[in-house]
Amino acid sequence: MTKARARGERGAVTAELAMGLPLLLAITVGLAWLLGVGTAQVRAVDAARESARAIARGDTEADAVAVGRAVAPASARISVAREAGRVVVRVRATVSGPGGLFDAFPDAEVSAEAVALVEEDS
């Protein structure tokens with residue numbers, strides 16, 4: 001390699017890094033958002049399960065929903081239905097995107113359902 005050619009390639013790594021860094025940042029933000037969606041799904045499952053268990057034990061519906069809200073994502077909607085000795089709790093929540101480059105994507109919706117048998121009084 002000649003001396004003139006070595007001087008011409010000087011700074012090429014900096015230019016390549018400047019081109020690739022925004023892409024790496026966008027991928028990192030996207031993966032962090034997916035992790036947030038996964039966490040919200042787990043919280044929705046936990047909220048549905050805890051609420052269904054509380055109602056099945058004999059707690060009031062309002063108390064059971066309060067227990068679920070303590071566990072559920074902030075935007076969660078909790079509904080309770082009683083069917084033939086069972087309690088069915090459904091939790092739905094919307095997870096907003098991180099914004100910026102991802103504004104074009106719709107918000108993610110997570111949902112969960114839990115069923116519990118109503119315990120009989122002894």
# chains A, B, ... in the order shown; residues from 1 in each chain; ligands from 1

call {"tool": "select_by_dssp", "arguments": {"residues": "range 16-89 of chain A", "states": "alpha helix (DSSP H)", "output": "JSON, numbers by chain"}}
result
{"A": [16, 17, 18, 19, 20, 21, 22, 23, 24, 25, 26, 27, 28, 29, 30, 31, 32, 33, 34, 35, 36, 37, 38, 39, 40, 41, 42, 43, 44, 45, 46, 47, 48, 49, 50, 51, 52, 53, 54, 55, 56, 57, 61, 62, 63, 64, 65, 66, 67, 68, 69, 70, 71]}

call {"tool": "write_last_selection", "arguments": {"atoms": "N, CA and C atoms", "output": "compact mmCIF listing (two decimals), in the first residue's frame"}}
result
# COMPACT_ATOMS: atom_id res chain seq x y z
N GLU A 16 -17.94 5.36 8.38
CA GLU A 16 -18.76 4.15 8.46
C GLU A 16 -19.47 4.05 9.80
N LEU A 17 -18.79 4.44 10.86
CA LEU A 17 -19.42 4.43 12.18
C LEU A 17 -20.55 5.44 12.24
N ALA A 18 -20.34 6.60 11.67
CA ALA A 18 -21.38 7.64 11.66
C ALA A 18 -22.61 7.19 10.87
N MET A 19 -22.42 6.36 9.86
CA MET A 19 -23.53 5.84 9.07
C MET A 19 -24.25 4.71 9.81
N GLY A 20 -23.53 3.88 10.52
CA GLY A 20 -24.11 2.70 11.15
C GLY A 20 -24.66 2.93 12.55
N LEU A 21 -24.20 3.95 13.23
CA LEU A 21 -24.62 4.21 14.61
C LEU A 21 -26.12 4.48 14.74
N PRO A 22 -26.74 5.29 13.89
CA PRO A 22 -28.19 5.49 14.01
C PRO A 22 -28.99 4.19 13.83
N LEU A 23 -28.54 3.32 12.96
CA LEU A 23 -29.22 2.04 12.77
C LEU A 23 -29.11 1.18 14.03
N LEU A 24 -27.93 1.13 14.61
CA LEU A 24 -27.75 0.38 15.86
C LEU A 24 -28.60 0.96 16.98
N LEU A 25 -28.71 2.27 17.04
CA LEU A 25 -29.54 2.91 18.06
C LEU A 25 -31.02 2.57 17.85
N ALA A 26 -31.48 2.60 16.61
CA ALA A 26 -32.88 2.26 16.32
C ALA A 26 -33.18 0.80 16.68
N ILE A 27 -32.27 -0.09 16.39
CA ILE A 27 -32.46 -1.50 16.75
C ILE A 27 -32.51 -1.66 18.26
N THR A 28 -31.63 -0.96 18.97
CA THR A 28 -31.62 -1.04 20.44
C THR A 28 -32.92 -0.52 21.04
N VAL A 29 -33.44 0.60 20.53
CA VAL A 29 -34.71 1.15 21.03
C VAL A 29 -35.85 0.19 20.72
N GLY A 30 -35.85 -0.39 19.53
CA GLY A 30 -36.89 -1.36 19.16
C GLY A 30 -36.88 -2.59 20.05
N LEU A 31 -35.71 -3.10 20.35
CA LEU A 31 -35.61 -4.26 21.24
C LEU A 31 -36.04 -3.92 22.67
N ALA A 32 -35.71 -2.73 23.12
CA ALA A 32 -36.14 -2.31 24.46
C ALA A 32 -37.67 -2.19 24.51
N TRP A 33 -38.28 -1.70 23.42
CA TRP A 33 -39.74 -1.61 23.38
C TRP A 33 -40.36 -3.01 23.39
N LEU A 34 -39.80 -3.94 22.65
CA LEU A 34 -40.31 -5.31 22.67
C LEU A 34 -40.20 -5.93 24.06
N LEU A 35 -39.14 -5.62 24.77
CA LEU A 35 -39.00 -6.09 26.14
C LEU A 35 -40.11 -5.49 27.02
N GLY A 36 -40.43 -4.23 26.80
CA GLY A 36 -41.51 -3.60 27.52
C GLY A 36 -42.87 -4.23 27.23
N VAL A 37 -43.09 -4.61 25.98
CA VAL A 37 -44.34 -5.29 25.61
C VAL A 37 -44.41 -6.65 26.30
N GLY A 38 -43.31 -7.37 26.32
CA GLY A 38 -43.27 -8.66 26.99
C GLY A 38 -43.55 -8.54 28.48
N THR A 39 -42.99 -7.52 29.10
CA THR A 39 -43.22 -7.28 30.52
C THR A 39 -44.68 -6.94 30.78
N ALA A 40 -45.29 -6.14 29.90
CA ALA A 40 -46.70 -5.79 30.06
C ALA A 40 -47.58 -7.03 29.92
N GLN A 41 -47.22 -7.95 29.02
CA GLN A 41 -47.99 -9.18 28.86
C GLN A 41 -47.94 -10.02 30.14
N VAL A 42 -46.77 -10.15 30.71
CA VAL A 42 -46.63 -10.92 31.96
C VAL A 42 -47.44 -10.26 33.07
N ARG A 43 -47.40 -8.93 33.15
CA ARG A 43 -48.17 -8.23 34.19
C ARG A 43 -49.67 -8.41 33.98
N ALA A 44 -50.13 -8.44 32.72
CA ALA A 44 -51.56 -8.65 32.44
C ALA A 44 -51.98 -10.05 32.87
N VAL A 45 -51.16 -11.06 32.59
CA VAL A 45 -51.45 -12.43 33.02
C VAL A 45 -51.52 -12.50 34.55
N ASP A 46 -50.56 -11.89 35.23
CA ASP A 46 -50.55 -11.89 36.69
C ASP A 46 -51.78 -11.19 37.26
N ALA A 47 -52.17 -10.06 36.66
CA ALA A 47 -53.34 -9.31 37.14
C ALA A 47 -54.61 -10.13 36.99
N ALA A 48 -54.78 -10.79 35.85
CA ALA A 48 -55.97 -11.61 35.64
C ALA A 48 -56.00 -12.76 36.64
N ARG A 49 -54.89 -13.40 36.84
CA ARG A 49 -54.83 -14.53 37.77
C ARG A 49 -55.11 -14.10 39.20
N GLU A 50 -54.50 -13.02 39.64
CA GLU A 50 -54.70 -12.55 41.01
C GLU A 50 -56.15 -12.12 41.25
N SER A 51 -56.74 -11.42 40.29
CA SER A 51 -58.13 -10.99 40.45
C SER A 51 -59.08 -12.18 40.49
N ALA A 52 -58.88 -13.15 39.59
CA ALA A 52 -59.74 -14.33 39.56
C ALA A 52 -59.62 -15.12 40.86
N ARG A 53 -58.42 -15.25 41.36
CA ARG A 53 -58.21 -15.99 42.60
C ARG A 53 -58.88 -15.28 43.78
N ALA A 54 -58.78 -13.95 43.81
CA ALA A 54 -59.39 -13.20 44.91
C ALA A 54 -60.91 -13.33 44.90
N ILE A 55 -61.53 -13.24 43.74
CA ILE A 55 -62.99 -13.39 43.67
C ILE A 55 -63.39 -14.81 44.02
N ALA A 56 -62.65 -15.78 43.58
CA ALA A 56 -62.97 -17.18 43.88
C ALA A 56 -62.90 -17.46 45.38
N ARG A 57 -62.01 -16.76 46.07
CA ARG A 57 -61.90 -16.92 47.53
C ARG A 57 -63.04 -16.25 48.28
N GLU A 61 -65.90 -7.99 44.27
CA GLU A 61 -65.37 -7.73 42.93
C GLU A 61 -64.50 -6.47 42.92
N ALA A 62 -64.92 -5.45 43.65
CA ALA A 62 -64.14 -4.20 43.70
C ALA A 62 -62.76 -4.43 44.32
N ASP A 63 -62.71 -5.22 45.39
CA ASP A 63 -61.41 -5.51 46.02
C ASP A 63 -60.52 -6.33 45.09
N ALA A 64 -61.12 -7.29 44.40
CA ALA A 64 -60.34 -8.13 43.50
C ALA A 64 -59.80 -7.33 42.32
N VAL A 65 -60.62 -6.44 41.79
CA VAL A 65 -60.16 -5.60 40.68
C VAL A 65 -59.06 -4.66 41.17
N ALA A 66 -59.16 -4.18 42.39
CA ALA A 66 -58.11 -3.32 42.95
C ALA A 66 -56.79 -4.08 43.06
N VAL A 67 -56.87 -5.36 43.44
CA VAL A 67 -55.67 -6.20 43.49
C VAL A 67 -55.07 -6.33 42.09
N GLY A 68 -55.93 -6.56 41.10
CA GLY A 68 -55.47 -6.68 39.72
C GLY A 68 -54.84 -5.39 39.21
N ARG A 69 -55.45 -4.26 39.55
CA ARG A 69 -54.91 -2.97 39.08
C ARG A 69 -53.52 -2.69 39.68
N ALA A 70 -53.28 -3.19 40.87
CA ALA A 70 -51.97 -3.00 41.49
C ALA A 70 -50.88 -3.73 40.72
N VAL A 71 -51.25 -4.81 40.02
CA VAL A 71 -50.28 -5.62 39.30
C VAL A 71 -50.24 -5.28 37.81

call {"tool": "select_by_dssp", "arguments": {"residues": "chain A", "states": "strand (DSSP E)", "output": "ChimeraX atom specification"}}
result
/A:77-83,86-95,108-117

call {"tool": "residues_around", "arguments": {"residues": "Ser79 in chain A", "least_positions_apart": "5", "cutoff": "7 Å", "atoms": "only C-alpha atoms", "output": "list in words"}}
result
Val89, Arg90 and Val91 of chain A

call {"tool": "write_last_selection", "arguments": {"atoms": "N, CA, C and O atoms", "output": "compact mmCIF listing (two decimals), in the first residue's frame"}}
result
# COMPACT_ATOMS: atom_id res chain seq x y z
N VAL A 89 -61.86 -13.57 34.44
CA VAL A 89 -61.31 -12.20 34.48
C VAL A 89 -60.51 -11.99 33.22
O VAL A 89 -59.63 -12.80 32.87
N ARG A 90 -60.80 -10.88 32.54
CA ARG A 90 -60.07 -10.52 31.32
C ARG A 90 -59.37 -9.18 31.55
O ARG A 90 -59.97 -8.25 32.06
N VAL A 91 -58.12 -9.13 31.13
CA VAL A 91 -57.32 -7.91 31.26
C VAL A 91 -56.81 -7.54 29.89
O VAL A 91 -56.26 -8.39 29.17

call {"tool": "closest_residue", "arguments": {"among": "A:Arg10, A:Arg86, A:Arg92, A:Arg77", "to": "Glu120 in chain A", "atoms": "only C-alpha atoms"}}
result
A:Arg86

call {"tool": "residues_around", "arguments": {"residues": "Thr94 in chain A", "least_positions_apart": "2", "cutoff": "8 Å", "atoms": "only C-alpha atoms", "output": "CSV table (one decimal) with N, CA, C and O atoms, in the first residue's frame"}}
result
chain,number,residue,atom,x,y,z
A,75,SER,N,-52.4,1.2,31.7
A,75,SER,CA,-53.5,1.4,30.9
A,75,SER,C,-54.5,0.2,30.8
A,75,SER,O,-55.4,0.1,30.0
A,76,ALA,N,-54.4,-0.7,31.8
A,76,ALA,CA,-55.2,-1.9,31.8
A,76,ALA,C,-56.7,-1.7,32.0
A,76,ALA,O,-57.1,-0.8,32.8
A,92,ARG,N,-57.0,-6.3,29.5
A,92,ARG,CA,-56.5,-5.8,28.2
A,92,ARG,C,-55.7,-4.5,28.5
A,92,ARG,O,-56.2,-3.7,29.4
A,96,SER,N,-47.8,1.8,24.4
A,96,SER,CA,-47.4,2.8,23.4
A,96,SER,C,-46.0,2.5,22.9
A,96,SER,O,-45.2,2.0,23.7
A,107,ASP,N,-49.7,1.0,18.3
A,107,ASP,CA,-49.4,0.6,19.7
A,107,ASP,C,-49.7,-0.9,19.8
A,107,ASP,O,-50.5,-1.5,19.1
A,108,ALA,N,-49.0,-1.6,20.7
A,108,ALA,CA,-49.2,-3.0,20.9
A,108,ALA,C,-50.3,-3.2,22.0
A,108,ALA,O,-50.4,-2.4,23.0
A,109,GLU,N,-51.1,-4.2,21.8
A,109,GLU,CA,-52.2,-4.5,22.8
A,109,GLU,C,-51.9,-5.9,23.4
A,109,GLU,O,-51.7,-6.8,22.6
A,110,VAL,N,-51.9,-6.0,24.7
A,110,VAL,CA,-51.7,-7.2,25.4
A,110,VAL,C,-53.0,-7.6,26.1
A,110,VAL,O,-53.8,-6.7,26.4

call {"tool": "atom_distance", "arguments": {"atom1": "CA of Gly58 in chain A", "atom2": "CA of Ala114 in chain A"}}
result
16.1 Å

call {"tool": "decode", "arguments": {"residues": "range 36-84 of chain A", "atoms": "C-alpha atoms", "output": "PDB file, in the first residue's frame"}}
result
ATOM      1  CA  GLY A  36     -41.513  -3.595  27.522  1.00  0.00           C
ATOM      2  CA  VAL A  37     -44.339  -5.290  25.605  1.00  0.00           C
ATOM      3  CA  GLY A  38     -43.275  -8.664  26.990  1.00  0.00           C
ATOM      4  CA  THR A  39     -43.218  -7.281  30.516  1.00  0.00           C
ATOM      5  CA  ALA A  40     -46.702  -5.791  30.059  1.00  0.00           C
ATOM      6  CA  GLN A  41     -47.994  -9.180  28.862  1.00  0.00           C
ATOM      7  CA  VAL A  42     -46.635 -10.916  31.960  1.00  0.00           C
ATOM      8  CA  ARG A  43     -48.173  -8.229  34.186  1.00  0.00           C
ATOM      9  CA  ALA A  44     -51.555  -8.655  32.442  1.00  0.00           C
ATOM     10  CA  VAL A  45     -51.446 -12.428  33.025  1.00  0.00           C
ATOM     11  CA  ASP A  46     -50.552 -11.892  36.690  1.00  0.00           C
ATOM     12  CA  ALA A  47     -53.335  -9.311  37.142  1.00  0.00           C
ATOM     13  CA  ALA A  48     -55.969 -11.612  35.637  1.00  0.00           C
ATOM     14  CA  ARG A  49     -54.825 -14.532  37.769  1.00  0.00           C
ATOM     15  CA  GLU A  50     -54.703 -12.549  41.010  1.00  0.00           C
ATOM     16  CA  SER A  51     -58.133 -10.992  40.447  1.00  0.00           C
ATOM     17  CA  ALA A  52     -59.743 -14.331  39.559  1.00  0.00           C
ATOM     18  CA  ARG A  53     -58.206 -15.987  42.605  1.00  0.00           C
ATOM     19  CA  ALA A  54     -59.394 -13.195  44.914  1.00  0.00           C
ATOM     20  CA  ILE A  55     -62.987 -13.389  43.667  1.00  0.00           C
ATOM     21  CA  ALA A  56     -62.971 -17.184  43.875  1.00  0.00           C
ATOM     22  CA  ARG A  57     -61.896 -16.924  47.527  1.00  0.00           C
ATOM     23  CA  GLY A  58     -64.873 -14.705  48.278  1.00  0.00           C
ATOM     24  CA  ASP A  59     -63.453 -11.180  48.054  1.00  0.00           C
ATOM     25  CA  THR A  60     -65.711  -8.516  46.608  1.00  0.00           C
ATOM     26  CA  GLU A  61     -65.370  -7.727  42.926  1.00  0.00           C
ATOM     27  CA  ALA A  62     -64.141  -4.201  43.698  1.00  0.00           C
ATOM     28  CA  ASP A  63     -61.415  -5.509  46.022  1.00  0.00           C
ATOM     29  CA  ALA A  64     -60.343  -8.134  43.497  1.00  0.00           C
ATOM     30  CA  VAL A  65     -60.158  -5.596  40.682  1.00  0.00           C
ATOM     31  CA  ALA A  66     -58.106  -3.320  42.952  1.00  0.00           C
ATOM     32  CA  VAL A  67     -55.667  -6.198  43.494  1.00  0.00           C
ATOM     33  CA  GLY A  68     -55.466  -6.678  39.722  1.00  0.00           C
ATOM     34  CA  ARG A  69     -54.905  -2.972  39.083  1.00  0.00           C
ATOM     35  CA  ALA A  70     -51.967  -2.996  41.485  1.00  0.00           C
ATOM     36  CA  VAL A  71     -50.278  -5.625  39.304  1.00  0.00           C
ATOM     37  CA  ALA A  72     -51.545  -4.687  35.814  1.00  0.00           C
ATOM     38  CA  PRO A  73     -49.966  -2.215  33.389  1.00  0.00           C
ATOM     39  CA  ALA A  74     -51.115   1.397  33.815  1.00  0.00           C
ATOM     40  CA  SER A  75     -53.522   1.391  30.854  1.00  0.00           C
ATOM     41  CA  ALA A  76     -55.213  -1.904  31.790  1.00  0.00           C
ATOM     42  CA  ARG A  77     -58.941  -2.532  31.555  1.00  0.00           C
ATOM     43  CA  ILE A  78     -60.168  -5.349  33.796  1.00  0.00           C
ATOM     44  CA  SER A  79     -63.517  -7.073  33.305  1.00  0.00           C
ATOM     45  CA  VAL A  80     -65.098  -9.750  35.473  1.00  0.00           C
ATOM     46  CA  ALA A  81     -67.756 -12.277  34.469  1.00  0.00           C
ATOM     47  CA  ARG A  82     -69.365 -15.047  36.498  1.00  0.00           C
ATOM     48  CA  GLU A  83     -70.395 -18.180  34.645  1.00  0.00           C
ATOM     49  CA  ALA A  84     -71.781 -21.389  36.213  1.00  0.00           C
TER      50      ALA A  84
END
